[in-house]
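input.cif (mmCIF, C-alpha atoms) appears below.
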```cif
data_input
#
loop_
_atom_site.label_atom_id
_atom_site.label_comp_id
_atom_site.auth_asym_id
_atom_site.auth_seq_id
_atom_site.Cartn_x
_atom_site.Cartn_y
_atom_site.Cartn_z
CA ALA F 461 -206.63 15.92 -94.65
CA ALA F 462 -204.35 13.70 -96.75
CA ALA F 463 -202.13 12.88 -93.76
CA ASN F 464 -205.21 11.63 -91.89
CA GLY F 465 -206.64 9.65 -94.81
CA MET F 466 -209.59 11.99 -95.29
CA GLU F 467 -208.77 13.66 -98.58
CA ASP F 468 -211.82 12.01 -100.18
CA ARG F 469 -214.11 13.48 -97.50
CA VAL F 470 -212.77 17.03 -97.11
CA ARG F 471 -213.16 19.84 -99.62
CA PHE F 472 -211.33 23.14 -99.20
CA ALA F 473 -212.87 26.39 -100.42
CA ARG F 474 -210.75 29.51 -100.32
CA GLY F 475 -212.22 32.99 -100.48
CA ARG F 476 -213.89 35.79 -98.56
CA VAL F 477 -217.24 35.44 -96.84
CA PRO F 478 -219.86 36.00 -98.13
CA GLY F 479 -218.45 35.68 -101.67
CA VAL F 480 -216.74 32.30 -101.26
CA ALA F 481 -218.36 29.53 -103.34
CA LEU F 482 -220.00 27.03 -100.97
CA ASP F 483 -222.74 24.64 -102.00
CA GLY F 484 -225.69 24.30 -99.66
CA THR F 485 -225.68 24.69 -95.90
CA PHE F 486 -223.80 22.96 -93.10
CA ASP F 487 -224.56 21.14 -89.84
CA VAL F 488 -221.43 22.34 -88.02
CA ILE F 489 -219.70 25.71 -88.42
CA ILE F 490 -216.36 26.31 -86.67
CA PHE F 491 -214.93 29.82 -86.39
CA GLU F 492 -211.63 30.63 -84.69
CA ASP F 493 -210.38 33.90 -86.20
CA PHE F 494 -211.10 36.05 -83.14
CA PRO F 495 -209.28 39.28 -82.27
CA GLY F 496 -207.65 39.79 -78.89
CA LEU F 497 -210.86 40.86 -77.16
CA LEU F 498 -213.20 38.52 -79.00
CA LEU F 499 -215.30 41.01 -80.97
CA ASP F 500 -214.63 44.02 -83.16
CA THR F 501 -216.58 45.45 -86.08
CA PRO F 502 -215.14 43.18 -88.85
CA THR F 503 -215.48 40.03 -86.72
CA TRP F 504 -219.05 40.90 -85.72
CA GLN F 505 -219.99 41.40 -89.37
CA LEU F 506 -218.33 38.12 -90.37
CA LEU F 507 -220.14 36.14 -87.68
CA ARG F 508 -223.42 37.60 -88.90
CA GLU F 509 -222.64 36.57 -92.48
CA LEU F 510 -221.79 33.00 -91.47
CA GLU F 511 -225.38 32.40 -90.38
CA ARG F 512 -226.44 32.12 -94.00
CA TYR F 513 -224.42 28.90 -94.30
CA ALA F 514 -226.12 27.21 -91.32
CA ALA F 515 -228.59 24.37 -91.86
CA PRO F 516 -231.62 24.21 -89.54
CA GLY F 517 -230.41 23.19 -86.10
CA ALA F 518 -226.75 23.68 -87.05
CA ARG F 519 -224.14 23.64 -84.31
CA PHE F 520 -221.69 26.53 -84.00
CA LEU F 521 -218.27 26.19 -82.37
CA PRO F 522 -217.48 27.99 -80.19
CA GLU F 523 -221.03 28.39 -78.95
CA GLY F 524 -220.42 31.58 -77.02
CA GLY F 525 -218.00 33.67 -75.04
CA ARG F 526 -217.50 36.19 -72.29
CA ILE F 527 -215.05 38.91 -71.25
CA SER F 528 -213.20 38.82 -67.93
CA CYS F 529 -211.44 41.76 -66.30
CA VAL F 530 -209.39 42.49 -63.18
CA PRO F 531 -207.75 45.63 -61.74
CA VAL F 532 -203.96 45.36 -61.50
CA GLU F 533 -201.34 46.90 -59.25
CA SER F 534 -198.02 47.09 -61.07
CA PRO F 535 -195.97 50.31 -61.37
CA GLU F 536 -193.83 48.59 -64.00
CA LEU F 537 -196.86 47.87 -66.18
CA GLY F 538 -198.12 51.42 -65.66
CA GLU F 539 -194.80 52.77 -66.92
CA ARG F 540 -194.91 50.47 -69.95
CA LEU F 541 -198.42 51.63 -70.81
CA VAL F 542 -197.77 55.36 -70.38
CA PRO F 543 -194.00 56.00 -70.33
CA ARG F 544 -192.57 59.38 -69.32
CA LEU F 545 -191.22 60.15 -72.83
CA GLU F 546 -189.18 63.13 -71.65
CA GLU F 547 -186.48 62.24 -74.18
CA LEU F 548 -188.91 63.22 -76.96
CA ARG F 549 -188.29 66.87 -76.17
CA GLU F 550 -185.00 66.43 -78.04
CA PHE F 551 -187.14 65.97 -81.17
CA HIS F 552 -189.36 68.99 -80.37
CA LEU F 553 -192.33 66.79 -79.48
CA GLU F 554 -194.44 67.53 -76.41
CA PRO F 555 -194.46 64.43 -74.16
CA SER F 556 -197.64 65.38 -72.32
CA LEU F 557 -199.65 65.31 -75.57
CA LEU F 558 -198.30 61.95 -76.64
CA ARG F 559 -198.98 60.54 -73.20
CA GLN F 560 -202.65 61.42 -73.61
CA PHE F 561 -202.82 59.11 -76.61
CA LEU F 562 -201.00 56.29 -74.84
CA ALA F 563 -203.28 56.66 -71.80
CA ASN F 564 -206.16 55.56 -74.05
CA GLU F 565 -204.46 52.69 -75.86
CA ALA F 566 -204.67 49.06 -74.78
CA LEU F 567 -201.51 46.96 -74.88
CA ARG F 568 -201.40 43.27 -75.71
CA THR F 569 -199.39 41.61 -72.97
CA GLU F 570 -199.50 38.97 -70.25
CA VAL F 571 -199.90 39.81 -66.56
CA ALA F 572 -199.30 37.25 -63.82
CA PRO F 573 -202.07 36.70 -61.24
CA ARG F 574 -199.82 37.98 -58.41
CA PHE F 575 -200.49 41.51 -59.67
CA HIS F 576 -204.28 41.08 -59.61
CA LEU F 577 -206.25 43.02 -57.02
CA GLY F 578 -208.65 40.21 -56.18
CA GLU F 579 -210.37 37.61 -58.32
CA PRO F 580 -211.23 38.43 -61.95
CA ALA F 581 -214.78 39.60 -62.68
CA ALA F 582 -216.50 37.79 -65.54
CA GLY F 583 -219.12 39.39 -67.75
CA PRO F 584 -222.20 37.46 -68.91
CA LEU F 585 -221.86 34.52 -71.27
CA PHE F 586 -223.32 35.44 -74.65
CA PRO F 587 -223.94 33.45 -77.84
CA LEU F 588 -221.72 34.20 -80.83
CA PHE F 589 -224.35 33.19 -83.41
CA PRO F 590 -226.04 35.53 -83.89
CA PRO F 591 -223.39 37.96 -82.60
CA PRO F 592 -224.45 39.86 -79.48
CA ALA F 593 -225.36 43.51 -79.11
CA PRO F 594 -222.46 45.55 -77.63
CA ASP F 595 -224.31 46.11 -74.35
CA ARG F 596 -224.08 42.35 -73.64
CA VAL F 597 -220.32 42.13 -74.06
CA GLY F 598 -218.72 44.20 -71.30
CA VAL F 599 -217.85 43.78 -67.62
CA ARG F 600 -219.11 45.80 -64.65
CA ASP F 601 -217.69 45.06 -61.22
CA ARG F 602 -217.74 46.46 -57.70
CA ARG F 603 -215.36 45.19 -55.03
CA ILE F 604 -213.86 46.23 -51.71
CA LEU F 605 -210.14 45.71 -51.20
CA GLU F 606 -208.80 44.42 -47.89
CA ARG F 607 -205.66 46.58 -48.08
CA ASP F 608 -204.58 49.92 -49.47
CA ALA F 609 -203.67 49.55 -53.14
CA THR F 610 -202.98 51.50 -56.32
CA VAL F 611 -204.62 50.58 -59.63
CA HIS F 612 -202.31 51.01 -62.62
CA ALA F 613 -204.31 49.13 -65.25
CA LEU F 614 -207.25 46.91 -66.05
CA VAL F 615 -206.33 43.58 -67.62
CA ALA F 616 -208.91 41.76 -69.73
CA TRP F 617 -209.24 38.54 -71.72
CA PHE F 618 -211.96 36.29 -73.10
CA ASP F 619 -213.29 32.80 -72.48
CA LEU F 620 -214.83 30.64 -75.21
CA ARG F 621 -217.58 28.13 -74.49
CA LEU F 622 -217.09 24.97 -76.54
CA GLY F 623 -220.06 23.00 -75.27
CA ALA F 624 -220.68 20.50 -72.46
CA GLY F 625 -219.75 23.27 -70.01
CA ARG F 626 -216.14 23.51 -71.22
CA LEU F 627 -214.49 26.92 -71.35
CA VAL F 628 -211.21 27.72 -73.09
CA SER F 629 -209.57 30.85 -71.70
CA ASN F 630 -206.75 33.10 -72.86
CA GLY F 631 -206.50 34.44 -69.31
CA PRO F 632 -203.34 34.19 -67.19
CA GLU F 633 -204.36 30.82 -65.73
CA GLY F 634 -205.98 29.38 -68.84
CA GLU F 635 -204.60 27.03 -71.46
CA SER F 636 -201.80 28.31 -73.66
CA GLN F 637 -203.41 30.51 -76.31
CA PRO F 638 -202.06 32.90 -78.98
CA TRP F 639 -204.07 35.96 -77.96
CA GLY F 640 -202.59 36.98 -74.61
CA GLN F 641 -204.38 39.54 -72.48
CA TYR F 642 -205.00 43.26 -72.97
CA ALA F 643 -203.97 45.91 -70.47
CA PHE F 644 -205.99 49.14 -70.36
CA PRO F 645 -204.14 52.08 -68.74
CA VAL F 646 -205.44 53.68 -65.57
CA HIS F 647 -203.68 57.03 -65.85
CA PRO F 648 -202.82 58.63 -63.62
CA SER F 649 -202.82 55.64 -61.30
CA LEU F 650 -205.67 55.53 -58.79
CA ALA F 651 -205.06 55.05 -55.06
CA VAL F 652 -207.76 52.91 -53.41
CA PRO F 653 -207.87 52.82 -49.60
CA ALA F 654 -208.89 49.59 -47.90
CA GLY F 655 -212.64 49.37 -47.36
CA VAL F 656 -213.52 51.88 -50.11
CA PRO F 657 -215.64 50.42 -52.94
CA LEU F 658 -213.75 50.06 -56.23
CA GLU F 659 -216.01 50.23 -59.30
CA VAL F 660 -214.81 49.04 -62.71
CA THR F 661 -216.45 49.21 -66.14
CA LEU F 662 -215.09 47.85 -69.43
CA GLU F 663 -217.34 47.77 -72.50
CA PRO F 664 -217.39 48.52 -76.22
CA ASP F 665 -219.16 51.49 -77.72
CA GLU F 666 -222.11 50.83 -80.00
CA VAL F 667 -221.89 52.31 -83.48
CA GLU F 668 -224.29 52.15 -86.40
CA ASP F 669 -226.34 48.97 -87.00
CA GLY F 670 -225.58 47.70 -83.51
CA LEU F 671 -221.91 47.07 -84.28
CA PRO F 672 -219.29 47.18 -81.49
CA GLY F 673 -216.89 50.11 -81.69
CA HIS F 674 -213.95 51.25 -79.58
CA TRP F 675 -213.50 49.95 -76.05
CA ARG F 676 -214.03 52.34 -73.16
CA TRP F 677 -213.25 51.86 -69.49
CA SER F 678 -213.55 53.55 -66.14
CA VAL F 679 -212.24 53.00 -62.61
CA ARG F 680 -213.78 54.79 -59.63
CA ALA F 681 -212.99 54.77 -55.91
CA GLY F 682 -214.54 57.25 -53.51
CA GLY F 683 -214.62 60.63 -55.21
CA GLU F 684 -211.82 59.84 -57.69
CA ALA F 685 -212.32 58.38 -61.17
CA ARG F 686 -210.26 57.56 -64.24
CA HIS F 687 -211.59 57.06 -67.76
CA GLY F 688 -210.20 55.77 -71.04
CA HIS F 689 -211.53 55.44 -74.58
CA GLY F 690 -209.89 53.76 -77.56
CA LEU F 691 -210.90 56.55 -79.92
CA ALA F 692 -208.77 59.02 -77.95
CA ALA F 693 -205.68 56.95 -78.78
CA GLN F 694 -205.91 57.92 -82.45
CA PRO F 695 -204.45 61.24 -83.65
CA VAL F 696 -206.93 63.15 -85.78
CA GLY F 697 -204.41 65.40 -87.52
CA PRO F 698 -201.07 67.22 -87.25
CA PRO F 699 -202.24 69.61 -84.50
CA ASP F 700 -202.57 66.61 -82.19
CA LEU F 701 -198.78 66.19 -82.28
CA GLU F 702 -198.04 69.87 -81.66
CA VAL F 703 -194.33 70.58 -81.33
CA ASP F 704 -192.99 72.54 -78.36
CA GLY F 705 -196.28 72.41 -76.49
CA GLY F 706 -198.90 75.08 -76.91
CA VAL F 707 -201.95 72.81 -77.15
CA GLY F 708 -204.00 72.01 -74.09
CA GLY F 709 -205.81 68.92 -75.33
CA VAL F 710 -206.12 66.39 -78.10
CA ASN F 711 -208.72 67.95 -80.39
CA GLY F 712 -211.25 67.50 -77.61
CA ILE F 713 -211.29 63.71 -77.97
CA SER F 714 -209.75 63.06 -74.56
CA ASP F 715 -212.70 64.83 -72.96
CA ARG F 716 -215.35 62.72 -74.68
#
```
Would you mind writing the file out in structure tokens?
Amino acid sequence: AAANGMEDRVRFARGRVPGVALDGTFDVIIFEDFPGLLLDTPTWQLLRELERYAAPGARFLPEGGRISCVPVESPELGERLVPRLEELREFHLEPSLLRQFLANEALRTEVAPRFHLGEPAAGPLFPLFPPPAPDRVGVRDRRILERDATVHALVAWFDLRLGAGRLVSNGPEGESQPWGQYAFPVHPSLAVPAGVPLEVTLEPDEVEDGLPGHWRWSVRAGGEARHGHGLAAQPVGPPDLEVDGGVGGVNGISDR
């Protein structure tokens, strides 16, 4: 503010919403502290709290957002997401159990468009003030590939609407942004013959009070399907990391 000669017009208030001391309401509210996939429970709650500082007719920036998603063919990315881990047997850990966790964990990365299986699918644009219900946030897509392919992951990102029809994207062909994209494992990889419909779903769970929870995803082609859920990436207790095998699942979470 001082460097731009505006120190007499700008006041800084430091604190946590909603406890920070602010006098009155405001005509413009700018928020830019988004997580990698735009909304999670703390961000949703914070956006809801910011409404109390808005004057009648206030403008919010960004105005809204949307999630985009595309299936990806990349054996290298698939191996990064769910590595073989056979070397862990030296430490008496069962690789197959650990791989179940990794198969449900998204990875922040960047994936070039040459690995995309078609054009990205965009979910609906939604306002950020008030924050949307979880069922308005996700992406559902159905496409038919022109060649045989194998899906190793879903890659997702978000676009922000700044007004006047302008979108800022953290996608692979968007402007340079700090968020990157998120890759969701499709494990085991799913073979999709040419001409067979490929159905993709990526959406957050809804928890109490309409808050968004963990992300879940599915990929289906013909009679084969793969599913993932962020909750299943979190160990519940020591039995989930059973040494020397002997456990057939991950406390049942991987089946939910």
**Q.** Explicit residue set for the PyMOL selection byres ((chain F and resi 517-523) around 6), as a ChimeraX atom specification
**A.** /F:487-490,514-516,524,587,621-622
Q | Residue members of the PyMOL selection byres ((chain F and resi 580) around 6) in the file shown, as number ranges by chain | A | F: 529-530, 579, 581
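The nearest approach to Glu570 of chain F among the residues F:Phe589, F:Phe551, F:Trp639, F:Trp504, with all atoms listed in the file taken into account, belongs to F:Trp639.
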Q: Check what the PyMOL selection byres ((chain F and resi 495-498) around 8) selects in the file above and give those residues as a ChimeraX atom specification.
A: /F:493-494,499-500,503,525,527,568,616-618,639-642
Name the residues within 12 Å of (-226.3, 41.4, -80.4), counting all atoms listed in the file in the file's coordinates, and put them as a PDB file with C-alpha atoms, keeping the file's coordinate frame.
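To be explicit, this is the file written out as out03.pdb:
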```pdb
ATOM      1  CA  LEU F 499    -215.300  41.010 -80.970  1.00  0.00           C
ATOM      2  CA  THR F 501    -216.580  45.450 -86.080  1.00  0.00           C
ATOM      3  CA  TRP F 504    -219.050  40.900 -85.720  1.00  0.00           C
ATOM      4  CA  GLN F 505    -219.990  41.400 -89.370  1.00  0.00           C
ATOM      5  CA  LEU F 507    -220.140  36.140 -87.680  1.00  0.00           C
ATOM      6  CA  ARG F 508    -223.420  37.600 -88.900  1.00  0.00           C
ATOM      7  CA  GLY F 524    -220.420  31.580 -77.020  1.00  0.00           C
ATOM      8  CA  PHE F 586    -223.320  35.440 -74.650  1.00  0.00           C
ATOM      9  CA  PRO F 587    -223.940  33.450 -77.840  1.00  0.00           C
ATOM     10  CA  LEU F 588    -221.720  34.200 -80.830  1.00  0.00           C
ATOM     11  CA  PHE F 589    -224.350  33.190 -83.410  1.00  0.00           C
ATOM     12  CA  PRO F 590    -226.040  35.530 -83.890  1.00  0.00           C
ATOM     13  CA  PRO F 591    -223.390  37.960 -82.600  1.00  0.00           C
ATOM     14  CA  PRO F 592    -224.450  39.860 -79.480  1.00  0.00           C
ATOM     15  CA  ALA F 593    -225.360  43.510 -79.110  1.00  0.00           C
ATOM     16  CA  PRO F 594    -222.460  45.550 -77.630  1.00  0.00           C
ATOM     17  CA  ASP F 595    -224.310  46.110 -74.350  1.00  0.00           C
ATOM     18  CA  ARG F 596    -224.080  42.350 -73.640  1.00  0.00           C
ATOM     19  CA  VAL F 597    -220.320  42.130 -74.060  1.00  0.00           C
ATOM     20  CA  GLU F 666    -222.110  50.830 -80.000  1.00  0.00           C
ATOM     21  CA  ASP F 669    -226.340  48.970 -87.000  1.00  0.00           C
ATOM     22  CA  GLY F 670    -225.580  47.700 -83.510  1.00  0.00           C
ATOM     23  CA  LEU F 671    -221.910  47.070 -84.280  1.00  0.00           C
ATOM     24  CA  PRO F 672    -219.290  47.180 -81.490  1.00  0.00           C
TER      25      PRO F 672
END
```
(Q) One decimal, in Å: what's the spacing between atom CA of Gly583 of chain F and atom CA of Pro535 of chain F? (A) 26.4 Å
Q. From the list F:Asn630, F:Thr569, F:Asn464, F:Ser528, which residue is nearest Val660 of chain F when using all atoms listed in the file?
A. F:Ser528
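Using only C-alpha atoms, the nearest neighbour of Arg559 of chain F within the list F:Gly631, F:Gly623, F:Pro645, F:Pro657 is F:Pro645.
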Q. Taking all atoms listed in the file into account, which of F:Leu562, F:Phe486, F:Glu533, F:Glu663 comes nearest Ala693 of chain F?
A. F:Leu562
Q: Please work out which residues fall within 6 Å of (-194.4, 59.2, -75.2), coordinates as given in the file, with only C-alpha atoms counting, and return them as a PyMOL selection string.
A: chain F and resi 543+545+555+558-559
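Our summary of the geometry notes that atom CA of Gly625 of chain F is positioned 29.3 Å from atom CA of Trp677 of chain F.
Proximity of F:Pro573, F:Gly578, F:Gly655, F:Pro638 to Glu606 of chain F, computed with all atoms listed in the file, is greatest for F:Gly655.
Compared by their closest atoms to Ser534 of chain F, and using only C-alpha atoms, the residues F:Arg476, F:Val652, F:Ser678, F:Phe575 rank with F:Phe575 nearest.
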**Q.** Within 12 Å of Ala654 of chain F using only C-alpha atoms, minus same-chain residues under 3 positions, as a list in words
**A.** Leu577, Arg603, Ile604, Leu605, Glu606, Arg607, Asp608, Ala609, Thr610, Ala651, Pro657, Leu658, Ala681 and Gly682 of chain F
